[in-house]
Amino acid sequence: MLTQTTSRVLEPSDLDAALAILDREPVANAFVTSRVQVAGLDPWRLGGEMWGWYEGGMLTSLCYAGANLVPVCATPRAVRAFADRARRAGRRCSSVVGPSTPTAALWRLLEPQWGPAREVRAHQPLMVTDRLPDGIAPDPYVRRVRKDEMEKLMPACVAMFTEEVGISPLAGDGGLLYQARVAELVGAGRAFARFDMDGKVVFKAEIGAATERTCQIQGVWVAPEYRGSGLAAPGMAAVLRYALADVAPVASLYVNDFNTPARRTYQRVGFQEVGEFMSILF
């Protein structure tokens, strides 16, 4: 038992204690929880380290340090400890993301060494729903993407990612990691799309992080030539129907505050704001 106030890299034997922390805020922590439930705390399987912050010998806060740096239930003292550890290790992540208050505090401490960021998205509403919308019928043409449709789906995924993040997912490794992630979601039955008569994707979305308590919808995209034609809300209703029936009792997403059309669509299908995320992109 650790009796002092300290931080350390968690080990597989810390799994139950870490899951108890993650379970405090199931929606906000969905991404990290889903990774830990599948991979445990072994860094090789998890794709990064899990840092723990102890006060009086009790684990009180976490920070996932992988491709993303994600503070979890992080108190101000924990944020300072995680920032110290991150500075010593050097930046290995492509983004810092999480609930806005601890994420902003973490970035203030890291920015002198890690900055400038490519982009800071300080206000990203976190939205949830646990029911299908009234008055918006799910689009009957939105369905699960089959494994043999990967080649049709990938151009839409690349376009969405490039538009959303500002860089192509094909940079660096030629898109191998990104394609593997998309293939994983397709294989799990968590990628959805509507195709036109020529087999082109006109609407798509995925269910990314998923736990027993909640799931996170991501990658929502409408082909540019179809925007404004009314596909988004019925498409989201269709994805939501699959999510609530097959994956988890609560669905969530987070969206850029400046994306007014998307926020309006999500509100129309019943999503309500319950918090705020922040993302720092490198």
# chains A, B, ... in the order shown; residues from 1 in each chain; ligands from 1
$ residues_around --residues "stretch 174-176 of chain A" --least-positions-apart "6" --cutoff "12 Å" --atoms "only C-alpha atoms" --output "MDAnalysis selection string"
chainID A and resid 154:155 157:158 161:162 167:168 182:183
$ write_last_selection --atoms "N, CA and C atoms" --output "compact mmCIF listing (two decimals), in the first residue's frame"
# COMPACT_ATOMS: atom_id res chain seq x y z
N MET A 154 -13.60 3.37 -47.12
CA MET A 154 -12.37 4.07 -46.76
C MET A 154 -12.28 5.50 -47.30
N PRO A 155 -12.64 5.77 -48.57
CA PRO A 155 -12.54 7.17 -49.03
C PRO A 155 -13.37 8.13 -48.18
N CYS A 157 -14.14 7.68 -44.97
CA CYS A 157 -13.45 7.78 -43.68
C CYS A 157 -12.27 8.75 -43.76
N VAL A 158 -11.50 8.64 -44.84
CA VAL A 158 -10.34 9.52 -45.02
C VAL A 158 -10.81 10.96 -45.18
N PHE A 161 -11.95 12.27 -41.70
CA PHE A 161 -10.83 12.49 -40.80
C PHE A 161 -10.07 13.75 -41.21
N THR A 162 -9.79 13.88 -42.50
CA THR A 162 -9.03 15.04 -42.98
C THR A 162 -9.78 16.33 -42.72
N ILE A 167 -5.52 17.02 -40.96
CA ILE A 167 -4.43 16.31 -41.65
C ILE A 167 -4.98 14.96 -42.12
N SER A 168 -4.35 14.39 -43.12
CA SER A 168 -4.81 13.11 -43.65
C SER A 168 -4.35 11.96 -42.76
N VAL A 182 -10.39 1.17 -38.83
CA VAL A 182 -11.67 1.13 -39.54
C VAL A 182 -12.10 -0.32 -39.75
N ALA A 183 -11.16 -1.17 -40.15
CA ALA A 183 -11.48 -2.58 -40.38
C ALA A 183 -11.95 -3.25 -39.09
$ closest_atom_pairs --of "stretch 116-187 of chain A" --to "stretch 233-253 of chain A" --cutoff "7 Å" --atoms "only C-alpha atoms" --output "Markdown table"
| residue | atom | partner | partner_atom | distance |
| --- | --- | --- | --- | --- |
| A:Leu126 | CA | A:Leu253 | CA | 5.9 |
| A:Met127 | CA | A:Ser252 | CA | 5.5 |
| A:Val128 | CA | A:Ser252 | CA | 4.2 |
| A:Thr129 | CA | A:Ala251 | CA | 5.6 |
| A:Asp130 | CA | A:Val250 | CA | 4.6 |
| A:Leu132 | CA | A:Arg241 | CA | 6.5 |
| A:Pro133 | CA | A:Ala237 | CA | 7.0 |
| A:Ile136 | CA | A:Pro234 | CA | 6.2 |
| A:Ala137 | CA | A:Pro234 | CA | 6.0 |
| A:Pro138 | CA | A:Ala238 | CA | 4.2 |
| A:Asp139 | CA | A:Pro234 | CA | 4.7 |
| A:Val142 | CA | A:Gly235 | CA | 6.2 |
$ residues_around --residues "A:Ala223" --least-positions-apart "2" --cutoff "9 Å" --atoms "only C-alpha atoms" --output "PyMOL selection string"
chain A and resi 156+159-160+201-204+221+225-227
$ residues_around --residues "A:Val32" --least-positions-apart "2" --cutoff "8 Å" --atoms "only C-alpha atoms" --output "ChimeraX atom specification"
/A:22,29-30,34-36,64,70
$ write_last_selection --atoms "N, CA and C atoms" --output "PDB file, in the first residue's frame"
ATOM      1  N   LEU A  22     -12.583   4.701 -13.296  1.00  0.00           N
ATOM      2  CA  LEU A  22     -13.210   4.918 -14.601  1.00  0.00           C
ATOM      3  C   LEU A  22     -14.734   4.874 -14.505  1.00  0.00           C
ATOM      4  N   ASN A  29     -15.573   8.940 -19.532  1.00  0.00           N
ATOM      5  CA  ASN A  29     -14.408   8.049 -19.555  1.00  0.00           C
ATOM      6  C   ASN A  29     -14.562   6.883 -20.532  1.00  0.00           C
ATOM      7  N   ALA A  30     -15.542   6.958 -21.421  1.00  0.00           N
ATOM      8  CA  ALA A  30     -15.868   5.810 -22.271  1.00  0.00           C
ATOM      9  C   ALA A  30     -14.670   5.326 -23.080  1.00  0.00           C
ATOM     10  N   SER A  34     -13.139   1.634 -22.393  1.00  0.00           N
ATOM     11  CA  SER A  34     -13.248   0.586 -23.410  1.00  0.00           C
ATOM     12  C   SER A  34     -11.894  -0.040 -23.708  1.00  0.00           C
ATOM     13  N   ARG A  35     -10.843   0.781 -23.716  1.00  0.00           N
ATOM     14  CA  ARG A  35      -9.500   0.246 -23.957  1.00  0.00           C
ATOM     15  C   ARG A  35      -9.067  -0.668 -22.816  1.00  0.00           C
ATOM     16  N   VAL A  36      -9.287  -0.211 -21.593  1.00  0.00           N
ATOM     17  CA  VAL A  36      -8.845  -0.974 -20.418  1.00  0.00           C
ATOM     18  C   VAL A  36      -9.621  -2.283 -20.288  1.00  0.00           C
ATOM     19  N   TYR A  64      -4.300   8.343 -19.087  1.00  0.00           N
ATOM     20  CA  TYR A  64      -3.896   7.415 -20.146  1.00  0.00           C
ATOM     21  C   TYR A  64      -2.883   8.118 -21.031  1.00  0.00           C
ATOM     22  N   VAL A  70      -4.839  11.446 -21.964  1.00  0.00           N
ATOM     23  CA  VAL A  70      -6.216  11.632 -21.510  1.00  0.00           C
ATOM     24  C   VAL A  70      -6.288  11.623 -19.988  1.00  0.00           C
TER      25      VAL A  70
END
$ select_by_dssp --residues "stretch 103-259 of chain A" --states "alpha helix (DSSP H)" --output "number ranges by chain"
A: 103-114, 150-165, 176-187, 232-242
$ closest_residue --among "A:Ser13, A:Asn256, A:Thr5, A:Ser95" --to "A:Phe282" --atoms "only C-alpha atoms"
A:Ser95
$ residues_around --residues "A:Ala117" --least-positions-apart "4" --cutoff "8 Å" --atoms "only C-alpha atoms" --output "VMD selection string"
chain A and resid 111 280 to 282
$ write_last_selection --atoms "C-alpha atoms" --output "PDB file, in the first residue's frame"
ATOM      1  CA  GLU A 111       2.399  24.200 -23.404  1.00  0.00           C
ATOM      2  CA  ILE A 280      -5.256  19.890 -28.241  1.00  0.00           C
ATOM      3  CA  LEU A 281      -4.022  18.634 -31.618  1.00  0.00           C
ATOM      4  CA  PHE A 282      -0.353  18.360 -32.644  1.00  0.00           C
TER       5      PHE A 282
END
$ residues_around --residues "A:Tyr54" --least-positions-apart "5" --cutoff "7 Å" --atoms "only C-alpha atoms" --output "ChimeraX atom specification"
/A:5-7,59-60
$ write_last_selection --atoms "all heavy atoms" --output "mmCIF file, in the first residue's frame"
data_model
loop_
_atom_site.group_PDB
_atom_site.id
_atom_site.type_symbol
_atom_site.label_atom_id
_atom_site.label_comp_id
_atom_site.auth_asym_id
_atom_site.auth_seq_id
_atom_site.Cartn_x
_atom_site.Cartn_y
_atom_site.Cartn_z
ATOM 1 N N THR A 5 1.698 10.634 -0.995
ATOM 2 C CA THR A 5 1.070 11.212 -2.170
ATOM 3 C C THR A 5 2.048 11.077 -3.325
ATOM 4 O O THR A 5 3.147 11.627 -3.267
ATOM 5 C CB THR A 5 0.748 12.699 -1.907
ATOM 6 O OG1 THR A 5 -0.102 12.784 -0.767
ATOM 7 C CG2 THR A 5 0.053 13.325 -3.083
ATOM 8 N N THR A 6 1.663 10.346 -4.351
ATOM 9 C CA THR A 6 2.625 10.043 -5.407
ATOM 10 C C THR A 6 1.908 9.639 -6.686
ATOM 11 O O THR A 6 0.705 9.376 -6.680
ATOM 12 C CB THR A 6 3.565 8.902 -4.970
ATOM 13 O OG1 THR A 6 4.602 8.750 -5.927
ATOM 14 C CG2 THR A 6 2.814 7.587 -4.823
ATOM 15 N N SER A 7 2.654 9.586 -7.778
ATOM 16 C CA SER A 7 2.122 9.041 -9.025
ATOM 17 C C SER A 7 3.052 7.912 -9.477
ATOM 18 O O SER A 7 4.240 7.908 -9.161
ATOM 19 C CB SER A 7 2.037 10.117 -10.107
ATOM 20 O OG SER A 7 3.327 10.468 -10.580
ATOM 21 N N LEU A 59 -5.769 5.259 -4.722
ATOM 22 C CA LEU A 59 -5.780 5.693 -6.113
ATOM 23 C C LEU A 59 -6.978 6.608 -6.330
ATOM 24 O O LEU A 59 -8.123 6.213 -6.080
ATOM 25 C CB LEU A 59 -5.877 4.479 -7.033
ATOM 26 C CG LEU A 59 -5.826 4.741 -8.535
ATOM 27 C CD1 LEU A 59 -4.487 5.322 -8.956
ATOM 28 C CD2 LEU A 59 -6.119 3.454 -9.317
ATOM 29 N N THR A 60 -6.721 7.845 -6.787
ATOM 30 C CA THR A 60 -7.818 8.809 -6.941
ATOM 31 C C THR A 60 -7.971 9.338 -8.360
ATOM 32 O O THR A 60 -9.034 9.814 -8.725
ATOM 33 C CB THR A 60 -7.628 10.015 -5.996
ATOM 34 O OG1 THR A 60 -6.397 10.676 -6.341
ATOM 35 C CG2 THR A 60 -7.582 9.573 -4.549
#
$ residues_around --residues "A:Cys93" --least-positions-apart "6" --cutoff "7 Å" --atoms "only C-alpha atoms" --output "number ranges by chain"
A: 66-69
$ write_last_selection --atoms "C-alpha atoms" --output "CSV table (one decimal), in the first residue's frame"
chain,number,residue,atom,x,y,z
A,66,GLY,CA,-0.8,6.5,-25.4
A,67,ALA,CA,-1.5,8.0,-28.9
A,68,ASN,CA,-3.6,10.4,-26.9
A,69,LEU,CA,-2.9,11.9,-23.5
$ closest_residue --among "A:Glu55, A:Asp14, A:Glu25, A:Glu119" --to "A:Gly166" --atoms "only C-alpha atoms"
A:Glu119
$ select_by_dssp --residues "stretch 57-140 of chain A" --states "strand (DSSP E)" --output "PyMOL selection string"
chain A and resi 58-65+68-72+95-99+119-129
$ closest_residue --among "A:Ala105, A:Leu19, A:Met278, A:Val38" --to "A:Arg77" --atoms "only C-alpha atoms"
A:Ala105
$ closest_residue --among "A:Arg80, A:Thr211, A:Leu46, A:Gly230" --to "A:Arg108" --atoms "only C-alpha atoms"
A:Arg80
